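Colleague: Before I ask anything, let me first share the structure, which is written out below as structure tokens.
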Amino acid sequence: MSTSTDNNASITQESGPSAAVQDIQKKIVVRTADGEVFNLKEEVAMEIDIIKTFFQEDSISYETVMPLPNVEGWEMVKVIEYCTKHVELKHKVDGYKERKAFQALFVQNLSTKSLLALTNTANYLEVKYLLDFLCQAVSEQIKNKDVDYVRELFGVENDFNDEEYEQVKAEAPWAHENLNNDLH
Amino acid sequence: MSSPSSPKRPCGAPIRNWTELPEDVTAAILSRLGAIDILETAQKVCKTWYKVCKDPLMWRIVDFRDDDLHKVHDLGKMCRYAVDRSDGKLASINLDSFATDELLNYITDSSSEIRCLRLVRCDITSEGLSAVSSRLPLLEELEISHCSLSHETLEVVGASCPLLKSLKLNSRWYSFAHEECNKHALAIAGTMHNLRHLQIFANKLTNDGLRAILDGCPPLESLDLRQCYNLNLEEDFEKRLVERIKLLRLPDDSTDDYEFDATVLEYGSDNAEPEVDFFDEMFMVDDADGEVFPWNGFVEFEDFYYFL
């Protein structure tokens with residue numbers, strides 16, 4: 001995937017960030033499970049720890065295409081989108097509102113299933129702030145909901161038997177309180 | 001790809017079910033829930049989640065902020081239960097109006113590693129907090145919002161908690177009762193020398209009190225002085241402030257991002273808690289120095305009738 005200019009930049013093995021002067025558009029290439037290939041800007045790629053480690057720890061040349069067999073193409077698109085925005089906002093003094101707006105849009109059309117896949121992927125790729133955000137987004141879907149709703153939304157089966165479930169409920173020392181106590 | 005010093009790397013194989021997520025990720029999700037949601041819902045969903053919810057590490061941070069009052073429970077009991085689950089590892093706890101001196105005593109008795117304590121509208125007394133301060137040697141963040149606590153308590157806390165980096169001491173501004181008072185400011189300046197962040201919303205301090213704080217808290221980099229209307233910041237002083245403090249909020253700055261109700265309370269006005277408002281005139285609280293200030297505590301409706 002390298003062009004002739006890339007060849008010039010990476011003649012020596014030390015084609016890491018310090019060589020950026022020669023080529024500011026340094027790219028890192030990854031291939032996802034479905035065979036899709038992505039060219040990432042170096043500064044975005046370095047946000048993804050698993051990629052950063054792969055290239056930096058063993059000083060692997062940026063010409064190498066890194067395989068990501070556990071990641072689907074659409075997931076990579078989302079991860080790149082988030083990391084790119086994160087890098088952009090790093091340099092902004094007052095990016096709070098913009099970040100919030102972006103985050104709201106980011107998860108807007110994600111099904112619960114997709115959210116699950118993306119959370120797992122963010123964990124695997126080791127992008128901490130994306131994982132934190134996704135965990136927060138998932139927890140928002142659980143807040144103030146009852147057990148049945150959560151089970152259905154997340155497609156999780158109740159694997160307690162009746163006895164076990166009664167035991168779980170009985171662990172709650174407040175369960176037998178007078179529920180008509182309205183003082184609070 | 002993995003180096004000898006790296007922690008166990010997630011294997012990342014595609015999963016079909018939320019229960020197949022690595023446990024630490026599930027914990028990361030569920031621990032973001034408030035304590036009530038964890039105990040009432042999350043842990044009952046399935047065995048995997050139950051197991052995660054039992055782990056003491058999930059209970060390092062306990063959040064009982066009462067956003068939703070539709071759930072009616074003995075929150076004091078629930079809180080004790082949550083603290084027990086932390087198995088001594090409690091690091092951070094948010095308490096709301098259900099908290100009492102007794103509960104605070106219980107919490108600090110079983111947890112020696114508390115770094116962050118948040119008290120909002122709590123039914124806690126100055127004596128109550130003073131009494132437990134010695135059990136909070138690792139305290140780094142303290143919030144006391146809408147609780148009436150004396151400046152002596154602040155001094156005791158300051159003396160007992162040398163690692164304190166962040167203090168929030170938030171009140172309401174009363175248009176009819178805002179006598180100048182630097183007692184809390186001086187308590188802070190005199191005992192909390194490691195403060196980096198200070199939020200004293202609607203405090204009654206004057207310029208003198210502010211100067212004392214700036215002198216007494218050298219590492220201060222964030223200061224929220226909104227609604228501190230007794231301050232009179234001339235150009236020079238304000239300039240010095242701006243130069244010294246990275247994150248500065250001045251008395252007239254916007255309260256859009258303030259988490260509590262910032263309405264200035266007028267006597268007899270129609271506010272969210274009219275009973276409390278009316279009471280403030282009748283129910284002034286004295287501290288040991290005869291300093292009088294309005295009582296911001298929670299009021300039972302039955303008590304209201306009793307005092308009429």
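Scheme for the structure tokens: letters A, B, ... for chains in order shown; per-chain residue numbers from 1; ligand numbers from 1 in order shown.
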May I have a table of the residues of region 101-210 of chain B lying at most 6 Å from region 217-232 of chain B, giving each one's closest pair of atoms and their distance in Å to one decimal, counting only C-alpha atoms, ordered by chain and ascending residue number, as JSON lines?

Modeller:
```
{"residue": "B:His193", "atom": "CA", "partner": "B:Cys217", "partner_atom": "CA", "distance": 4.6}
{"residue": "B:Leu195", "atom": "CA", "partner": "B:Leu220", "partner_atom": "CA", "distance": 5.6}
{"residue": "B:Arg196", "atom": "CA", "partner": "B:Leu220", "partner_atom": "CA", "distance": 4.0}
{"residue": "B:His197", "atom": "CA", "partner": "B:Ser222", "partner_atom": "CA", "distance": 4.7}
{"residue": "B:Leu198", "atom": "CA", "partner": "B:Leu223", "partner_atom": "CA", "distance": 5.0}
{"residue": "B:Gln199", "atom": "CA", "partner": "B:Asp224", "partner_atom": "CA", "distance": 4.5}
{"residue": "B:Ile200", "atom": "CA", "partner": "B:Leu225", "partner_atom": "CA", "distance": 5.8}
{"residue": "B:Phe201", "atom": "CA", "partner": "B:Arg226", "partner_atom": "CA", "distance": 5.2}
{"residue": "B:Ala202", "atom": "CA", "partner": "B:Gln227", "partner_atom": "CA", "distance": 4.4}
{"residue": "B:Asn203", "atom": "CA", "partner": "B:Cys228", "partner_atom": "CA", "distance": 5.0}
{"residue": "B:Lys204", "atom": "CA", "partner": "B:Asn230", "partner_atom": "CA", "distance": 5.8}
{"residue": "B:Thr206", "atom": "CA", "partner": "B:Leu231", "partner_atom": "CA", "distance": 4.8}
{"residue": "B:Asn207", "atom": "CA", "partner": "B:Leu231", "partner_atom": "CA", "distance": 5.4}
```

Colleague: Define the interface residues of chain A facing chain B as those within 6 Å, counting only C-alpha atoms, and report them as a list in words.

Modeller: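 Listing them in order of chain and number gives Phe54, Asn70, Tyr124, Cys135, Ser139, Asp146, Val147, Asn158, Asp159 and Trp174 of chain A.
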
Colleague: Can you tell me which residues surround Ala117 (chain A) at a distance of at most 9 Å, considering only C-alpha atoms, apart from same-chain residues fewer than 3 positions away, and format the answer as a count of residues only?

Modeller: 10

Colleague: Run DSSP on the backbone of this structure and report the residues of chain A it assigns to helix (DSSP H, G or I), as a ChimeraX atom specification.

Modeller: /A:4-9,17-21,42-45,49-57,73-90,96-108,112-125,128-142,147-154,162-170

Colleague: Using only C-alpha atoms, can you tell me which of A:Asn39, A:Thr32, A:Thr53, A:Ser61 comes closest to Met76 (chain A)?

Modeller: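 Closest to Met76 (chain A), using only C-alpha atoms: A:Thr32.
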
Colleague: Pick from A:Asn123, A:Glu163, A:Ala137, A:Gly35: nearest to Leu110 (chain A), with only C-alpha atoms counted?

Modeller: A:Ala137

Colleague: Can you list, as a PyMOL selection string, every protein, DNA or RNA residue that comes within 12 Å of Glu81 (chain A) when you count only C-alpha atoms, leaving out same-chain residues fewer than 2 positions away?

Modeller: chain A and resi 40-41+44-45+47+74-79+83-88+102-103+105-107+130

Colleague: Take the residues just selected and output them with N, CA, C and O atoms as a compact mmCIF listing (two decimals), in the first residue's frame.

Modeller:
```txt
# COMPACT_ATOMS: atom_id res chain seq x y z
N LEU A 40 -4.74 4.87 8.28
CA LEU A 40 -4.97 5.78 9.39
C LEU A 40 -3.86 6.82 9.42
O LEU A 40 -2.70 6.51 9.22
N LYS A 41 -4.25 8.05 9.76
CA LYS A 41 -3.23 9.06 10.05
C LYS A 41 -2.47 8.57 11.26
O LYS A 41 -3.07 8.04 12.20
N VAL A 44 -3.75 9.47 14.72
CA VAL A 44 -4.98 8.77 15.10
C VAL A 44 -4.66 7.32 15.46
O VAL A 44 -5.15 6.78 16.45
N ALA A 45 -3.81 6.71 14.63
CA ALA A 45 -3.45 5.31 14.88
C ALA A 45 -2.81 5.14 16.26
O ALA A 45 -3.03 4.14 16.94
N GLU A 47 -3.54 6.53 18.88
CA GLU A 47 -4.53 6.57 19.96
C GLU A 47 -5.00 5.17 20.30
O GLU A 47 -5.62 4.93 21.33
N TRP A 74 -16.95 -2.13 9.88
CA TRP A 74 -17.81 -1.05 10.39
C TRP A 74 -17.35 -0.59 11.77
O TRP A 74 -17.45 0.60 12.12
N GLU A 75 -16.80 -1.54 12.57
CA GLU A 75 -16.31 -1.17 13.90
C GLU A 75 -15.10 -0.25 13.77
O GLU A 75 -14.96 0.74 14.49
N MET A 76 -14.23 -0.60 12.81
CA MET A 76 -13.03 0.20 12.61
C MET A 76 -13.41 1.62 12.20
O MET A 76 -12.80 2.59 12.66
N VAL A 77 -14.41 1.73 11.36
CA VAL A 77 -14.88 3.05 10.93
C VAL A 77 -15.28 3.88 12.15
O VAL A 77 -14.89 5.04 12.30
N LYS A 78 -16.04 3.28 13.04
CA LYS A 78 -16.52 3.99 14.23
C LYS A 78 -15.35 4.37 15.15
O LYS A 78 -15.30 5.47 15.69
N VAL A 79 -14.41 3.45 15.31
CA VAL A 79 -13.28 3.72 16.18
C VAL A 79 -12.45 4.87 15.62
O VAL A 79 -12.06 5.79 16.34
N CYS A 83 -11.71 8.42 17.50
CA CYS A 83 -10.33 8.82 17.81
C CYS A 83 -9.93 10.09 17.07
O CYS A 83 -9.22 10.93 17.61
N THR A 84 -10.41 10.22 15.84
CA THR A 84 -10.10 11.41 15.07
C THR A 84 -10.66 12.64 15.76
O THR A 84 -9.99 13.67 15.89
N LYS A 85 -11.91 12.53 16.20
CA LYS A 85 -12.55 13.64 16.90
C LYS A 85 -11.81 13.96 18.20
O LYS A 85 -11.62 15.10 18.57
N HIS A 86 -11.41 12.90 18.89
CA HIS A 86 -10.72 13.08 20.16
C HIS A 86 -9.42 13.86 19.95
O HIS A 86 -9.11 14.79 20.71
N VAL A 87 -8.68 13.49 18.92
CA VAL A 87 -7.43 14.17 18.62
C VAL A 87 -7.69 15.63 18.27
O VAL A 87 -6.99 16.54 18.71
N GLU A 88 -8.74 15.85 17.49
CA GLU A 88 -9.10 17.21 17.08
C GLU A 88 -9.42 18.08 18.30
O GLU A 88 -8.99 19.22 18.42
N PHE A 102 -21.08 15.59 19.72
CA PHE A 102 -20.51 14.50 18.93
C PHE A 102 -20.85 13.15 19.54
O PHE A 102 -21.24 12.21 18.85
N GLN A 103 -20.68 13.05 20.86
CA GLN A 103 -20.94 11.79 21.53
C GLN A 103 -22.39 11.35 21.39
O GLN A 103 -22.69 10.17 21.19
N LEU A 105 -24.43 12.04 18.95
CA LEU A 105 -24.64 11.55 17.59
C LEU A 105 -24.00 10.19 17.37
O LEU A 105 -24.55 9.33 16.68
N PHE A 106 -22.84 10.02 17.98
CA PHE A 106 -22.04 8.81 17.77
C PHE A 106 -22.82 7.55 18.13
O PHE A 106 -22.76 6.53 17.45
N VAL A 107 -23.58 7.63 19.24
CA VAL A 107 -24.30 6.43 19.68
C VAL A 107 -25.76 6.42 19.25
O VAL A 107 -26.48 5.45 19.50
N LEU A 130 -12.47 5.68 24.65
CA LEU A 130 -13.63 5.21 23.90
C LEU A 130 -14.37 4.15 24.71
O LEU A 130 -15.60 4.16 24.80
```
